[in-house]
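Quick notes on the structure that follows.
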Amino acid sequence: MSPESARRAEAEGYTKVKVFHDGLPAWKKAGNLVVSEPAALKELMGKDIAHVLIDLRDAKEAEKGFIPGAVSIPASDLAGAKDRFPGDKSAPIILYADRSDEEAFKTVRTWGYANTTLLSGGITAWIKDGGRTETGKLAAAISYVPKPRPGEIAIEEFKVIAEKASPDKIILDVRESDEAAYGMIKGAINMPDSTITNRLNELPKDKEIIAYCATGIRAENVFEELKKAGFKTRFLNAVIQIDKDGKYEITKK
């Protein structure tokens, strides 16, 4: 998404625009600090998307007001709590306290949980952003049961549809045109996510529309847009690489 954002900035007249080409995946792989905003946590909670939320404060302090669903593991006890974390290393782990705790982030990250983040601004930012809190005892055990995001299509089902053209389904490539030029799934239609709103009349409502992009982020945005407009739709929530011949490789995020 960053190259397209750069193009839009340049179109607005900005002349000193650069793109961190390797992006967040490389940043995370290097073990650098990653933060998430209260709005992102609200989205996970609102869509009932599985995640692990850890309150790093002293247990007594946390009981005075904590984010719903949080598990209490004080920062002082975190190093010895590795066995309490889920076996699925792809689980989104969100840590928070009343201040930034980079040491806690590093501890969990070194255990192999690539999707670990610190809640930006901690409990204070959560409350300021209108986030709800509860009082009393926090959960002591982590429960993580992953499930698909709303509208997400299974990778294997997507492959079957991509390999065998179906008359009642359309595969929609929502990457920018220059990205699609390097390779598209055979039979797919390219319609960049930035143009969807103005091109809804080009899409049939009697077929299911399955959107994909490079990582699933734009595809999910298009799914939401199409769903609101009354289309039958799903999206691929995965990393996909496609060569000039239409051959592709899909990797779970």
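How things are named: the first chain in the structure tokens is A, the next is B, and so on; residues count from 1 in each chain; ligands count from 1 in the order shown.
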
Contact table region 64-85 of chain A vs region 42-59 of chain A, cut-off 8 Å, shortest pair per residue, only C-alpha atoms, as a Markdown table:
```
| residue | atom | partner | partner_atom | distance |
| --- | --- | --- | --- | --- |
| A:Phe66 | CA | A:Asp55 | CA | 7.5 |
| A:Gly69 | CA | A:Leu53 | CA | 6.7 |
| A:Ala70 | CA | A:Leu53 | CA | 4.8 |
| A:Val71 | CA | A:Ile54 | CA | 5.0 |
| A:Ser72 | CA | A:Asp55 | CA | 5.0 |
| A:Ile73 | CA | A:Leu56 | CA | 5.4 |
| A:Pro74 | CA | A:Leu56 | CA | 4.3 |
| A:Ala75 | CA | A:Leu56 | CA | 4.8 |
```

Quick one: everything within 12 Å of Gly112 (chain A), counting only C-alpha atoms, minus sequence neighbours fewer than 2 positions away in the same chain. Send it as number ranges by chain. A: 28-31, 82, 85-93, 105-110, 114-116

The distance between CA of Asn221 (chain A) and CA of Arg7 (chain A) is 19.5 Å

For Phe235 (chain A), find every residue with an atom within 8 Å (counting only C-alpha atoms), except residues of its own chain fewer than 6 positions away, and show them as a list in words.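 Result of the neighbour search: Gly151, Glu152, Ile153, Ile210, Ala211, Tyr212, Gly216, Ala219, Glu220 and Phe223 of chain A.
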
Separation of CA of Lys186 (chain A) from CA of Glu163 (chain A) in Å: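 Going from CA of Glu163 (chain A) over to CA of Lys186 (chain A) covers 8.4 Å.
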
All strand (DSSP E) residues (DSSP, backbone) inside region 85-209 of chain A, as a list of chain:residue names: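 Assigned to strand (DSSP E), within region 85-209 of chain A: A:Ile93, A:Ile94, A:Leu95, A:Tyr96, A:Thr116, A:Thr117, A:Leu118, A:Leu119, A:Glu152, A:Ile153, A:Lys169, A:Ile170, A:Ile171, A:Leu172, A:Asp173, A:Ile189, A:Asn190, A:Glu208, A:Ile209.
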
Please, could you write that set of residues out with all heavy atoms as a short mmCIF file (atom, residue, chain, number, x, y, z; two decimals), in the first residue's frame?
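Once everything was written out, this is again_26.cif:
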```cif
data_model
loop_
_atom_site.label_atom_id
_atom_site.label_comp_id
_atom_site.auth_asym_id
_atom_site.auth_seq_id
_atom_site.Cartn_x
_atom_site.Cartn_y
_atom_site.Cartn_z
N ILE A 93 -0.85 -10.75 19.93
CA ILE A 93 -0.64 -10.52 21.36
C ILE A 93 -0.56 -9.02 21.60
O ILE A 93 0.31 -8.34 21.04
CB ILE A 93 0.67 -11.16 21.86
CG1 ILE A 93 0.78 -12.63 21.41
CG2 ILE A 93 0.80 -11.02 23.36
CD1 ILE A 93 -0.16 -13.57 22.09
N ILE A 94 -1.45 -8.48 22.41
CA ILE A 94 -1.47 -7.05 22.69
C ILE A 94 -1.17 -6.84 24.17
O ILE A 94 -1.87 -7.37 25.04
CB ILE A 94 -2.82 -6.42 22.34
CG1 ILE A 94 -3.15 -6.70 20.87
CG2 ILE A 94 -2.82 -4.91 22.61
CD1 ILE A 94 -4.57 -6.40 20.49
N LEU A 95 -0.12 -6.10 24.46
CA LEU A 95 0.30 -5.83 25.83
C LEU A 95 -0.02 -4.40 26.19
O LEU A 95 0.12 -3.49 25.36
CB LEU A 95 1.82 -6.05 25.97
CG LEU A 95 2.39 -7.36 25.40
CD1 LEU A 95 3.92 -7.29 25.39
CD2 LEU A 95 1.91 -8.55 26.21
N TYR A 96 -0.45 -4.16 27.43
CA TYR A 96 -0.68 -2.78 27.84
C TYR A 96 -0.44 -2.61 29.34
O TYR A 96 -0.50 -3.56 30.11
CB TYR A 96 -2.09 -2.31 27.46
CG TYR A 96 -3.20 -2.81 28.37
CD1 TYR A 96 -3.58 -2.09 29.52
CD2 TYR A 96 -3.88 -3.99 28.09
CE1 TYR A 96 -4.60 -2.54 30.34
CE2 TYR A 96 -4.90 -4.45 28.91
CZ TYR A 96 -5.26 -3.72 30.04
OH TYR A 96 -6.26 -4.16 30.86
N THR A 116 3.12 -9.52 18.03
CA THR A 116 3.05 -8.86 19.34
C THR A 116 3.10 -7.35 19.16
O THR A 116 3.89 -6.84 18.37
CB THR A 116 4.24 -9.29 20.23
OG1 THR A 116 4.19 -10.70 20.41
CG2 THR A 116 4.18 -8.61 21.59
N THR A 117 2.25 -6.63 19.88
CA THR A 117 2.28 -5.17 19.87
C THR A 117 2.07 -4.61 21.27
O THR A 117 1.54 -5.30 22.15
CB THR A 117 1.18 -4.57 18.96
OG1 THR A 117 -0.11 -4.96 19.47
CG2 THR A 117 1.31 -5.05 17.53
N LEU A 118 2.50 -3.38 21.45
CA LEU A 118 2.18 -2.63 22.66
C LEU A 118 1.01 -1.71 22.34
O LEU A 118 1.00 -1.08 21.27
CB LEU A 118 3.37 -1.78 23.11
CG LEU A 118 4.47 -2.42 23.96
CD1 LEU A 118 5.52 -1.36 24.29
CD2 LEU A 118 3.92 -3.02 25.24
N LEU A 119 0.04 -1.63 23.22
CA LEU A 119 -1.08 -0.72 23.00
C LEU A 119 -0.57 0.71 23.19
O LEU A 119 -0.13 1.09 24.27
CB LEU A 119 -2.21 -1.01 23.99
CG LEU A 119 -3.47 -0.16 23.83
CD1 LEU A 119 -4.12 -0.44 22.47
CD2 LEU A 119 -4.46 -0.44 24.95
N GLU A 152 -13.89 -13.85 5.46
CA GLU A 152 -12.64 -14.45 5.01
C GLU A 152 -12.89 -15.81 4.34
O GLU A 152 -13.60 -16.64 4.87
CB GLU A 152 -11.70 -14.61 6.19
CG GLU A 152 -10.35 -15.23 5.86
CD GLU A 152 -9.44 -15.33 7.08
OE1 GLU A 152 -9.72 -14.67 8.10
OE2 GLU A 152 -8.45 -16.08 7.00
N ILE A 153 -12.27 -16.03 3.21
CA ILE A 153 -12.37 -17.31 2.51
C ILE A 153 -11.16 -18.16 2.85
O ILE A 153 -10.03 -17.64 2.97
CB ILE A 153 -12.49 -17.10 0.98
CG1 ILE A 153 -12.75 -18.44 0.28
CG2 ILE A 153 -11.25 -16.42 0.41
CD1 ILE A 153 -13.05 -18.32 -1.20
N LYS A 169 -18.98 -17.06 -9.87
CA LYS A 169 -18.02 -16.36 -9.02
C LYS A 169 -17.08 -15.49 -9.85
O LYS A 169 -16.75 -15.84 -10.99
CB LYS A 169 -17.21 -17.35 -8.18
CG LYS A 169 -18.06 -18.20 -7.26
CD LYS A 169 -17.21 -19.12 -6.40
CE LYS A 169 -18.07 -20.13 -5.64
NZ LYS A 169 -19.06 -19.50 -4.76
N ILE A 170 -16.67 -14.38 -9.27
CA ILE A 170 -15.70 -13.49 -9.91
C ILE A 170 -14.54 -13.28 -8.94
O ILE A 170 -14.75 -12.98 -7.76
CB ILE A 170 -16.32 -12.13 -10.25
CG1 ILE A 170 -17.33 -12.28 -11.40
CG2 ILE A 170 -15.24 -11.11 -10.63
CD1 ILE A 170 -18.06 -10.99 -11.72
N ILE A 171 -13.32 -13.46 -9.44
CA ILE A 171 -12.14 -13.15 -8.63
C ILE A 171 -11.71 -11.73 -8.98
O ILE A 171 -11.43 -11.43 -10.14
CB ILE A 171 -11.00 -14.14 -8.87
CG1 ILE A 171 -11.42 -15.54 -8.38
CG2 ILE A 171 -9.74 -13.69 -8.15
CD1 ILE A 171 -10.35 -16.59 -8.53
N LEU A 172 -11.68 -10.89 -7.97
CA LEU A 172 -11.40 -9.46 -8.17
C LEU A 172 -10.03 -9.10 -7.59
O LEU A 172 -9.79 -9.22 -6.39
CB LEU A 172 -12.49 -8.63 -7.50
CG LEU A 172 -12.56 -7.14 -7.84
CD1 LEU A 172 -12.94 -6.96 -9.30
CD2 LEU A 172 -13.58 -6.44 -6.94
N ASP A 173 -9.13 -8.69 -8.46
CA ASP A 173 -7.79 -8.24 -8.06
C ASP A 173 -7.87 -6.76 -7.75
O ASP A 173 -8.08 -5.94 -8.65
CB ASP A 173 -6.80 -8.50 -9.21
CG ASP A 173 -5.37 -8.17 -8.85
OD1 ASP A 173 -5.14 -7.25 -8.04
OD2 ASP A 173 -4.47 -8.85 -9.40
N ILE A 189 -10.30 -10.18 -12.55
CA ILE A 189 -10.56 -8.82 -13.05
C ILE A 189 -9.83 -7.84 -12.14
O ILE A 189 -9.94 -7.92 -10.91
CB ILE A 189 -12.06 -8.51 -13.04
CG1 ILE A 189 -12.81 -9.45 -13.98
CG2 ILE A 189 -12.31 -7.04 -13.42
CD1 ILE A 189 -14.33 -9.32 -13.89
N ASN A 190 -9.06 -6.94 -12.74
CA ASN A 190 -8.35 -5.95 -11.94
C ASN A 190 -9.19 -4.68 -11.78
O ASN A 190 -9.60 -4.07 -12.76
CB ASN A 190 -7.01 -5.59 -12.59
CG ASN A 190 -6.25 -4.52 -11.82
OD1 ASN A 190 -5.81 -3.54 -12.40
ND2 ASN A 190 -6.09 -4.70 -10.53
N GLU A 208 -20.96 -14.18 -6.85
CA GLU A 208 -20.15 -13.91 -5.65
C GLU A 208 -18.82 -13.31 -6.08
O GLU A 208 -18.16 -13.82 -6.99
CB GLU A 208 -19.90 -15.18 -4.85
CG GLU A 208 -19.10 -14.90 -3.57
CD GLU A 208 -18.82 -16.13 -2.74
OE1 GLU A 208 -18.70 -17.23 -3.34
OE2 GLU A 208 -18.72 -16.01 -1.52
N ILE A 209 -18.43 -12.24 -5.43
CA ILE A 209 -17.18 -11.55 -5.76
C ILE A 209 -16.17 -11.83 -4.66
O ILE A 209 -16.40 -11.54 -3.49
CB ILE A 209 -17.41 -10.04 -5.90
CG1 ILE A 209 -18.41 -9.79 -7.04
CG2 ILE A 209 -16.09 -9.32 -6.18
CD1 ILE A 209 -18.87 -8.36 -7.14
#
```

Please run DSSP on the backbone and report, as JSON, numbers by chain, all residues within region 58-169 of chain A that come out as alpha helix (DSSP H). {"A": [59, 60, 61, 62, 102, 103, 104, 105, 106, 107, 108, 109, 110, 122, 123, 124, 125, 126, 127, 128, 155, 156, 157, 158, 159, 160, 161, 162, 163]}
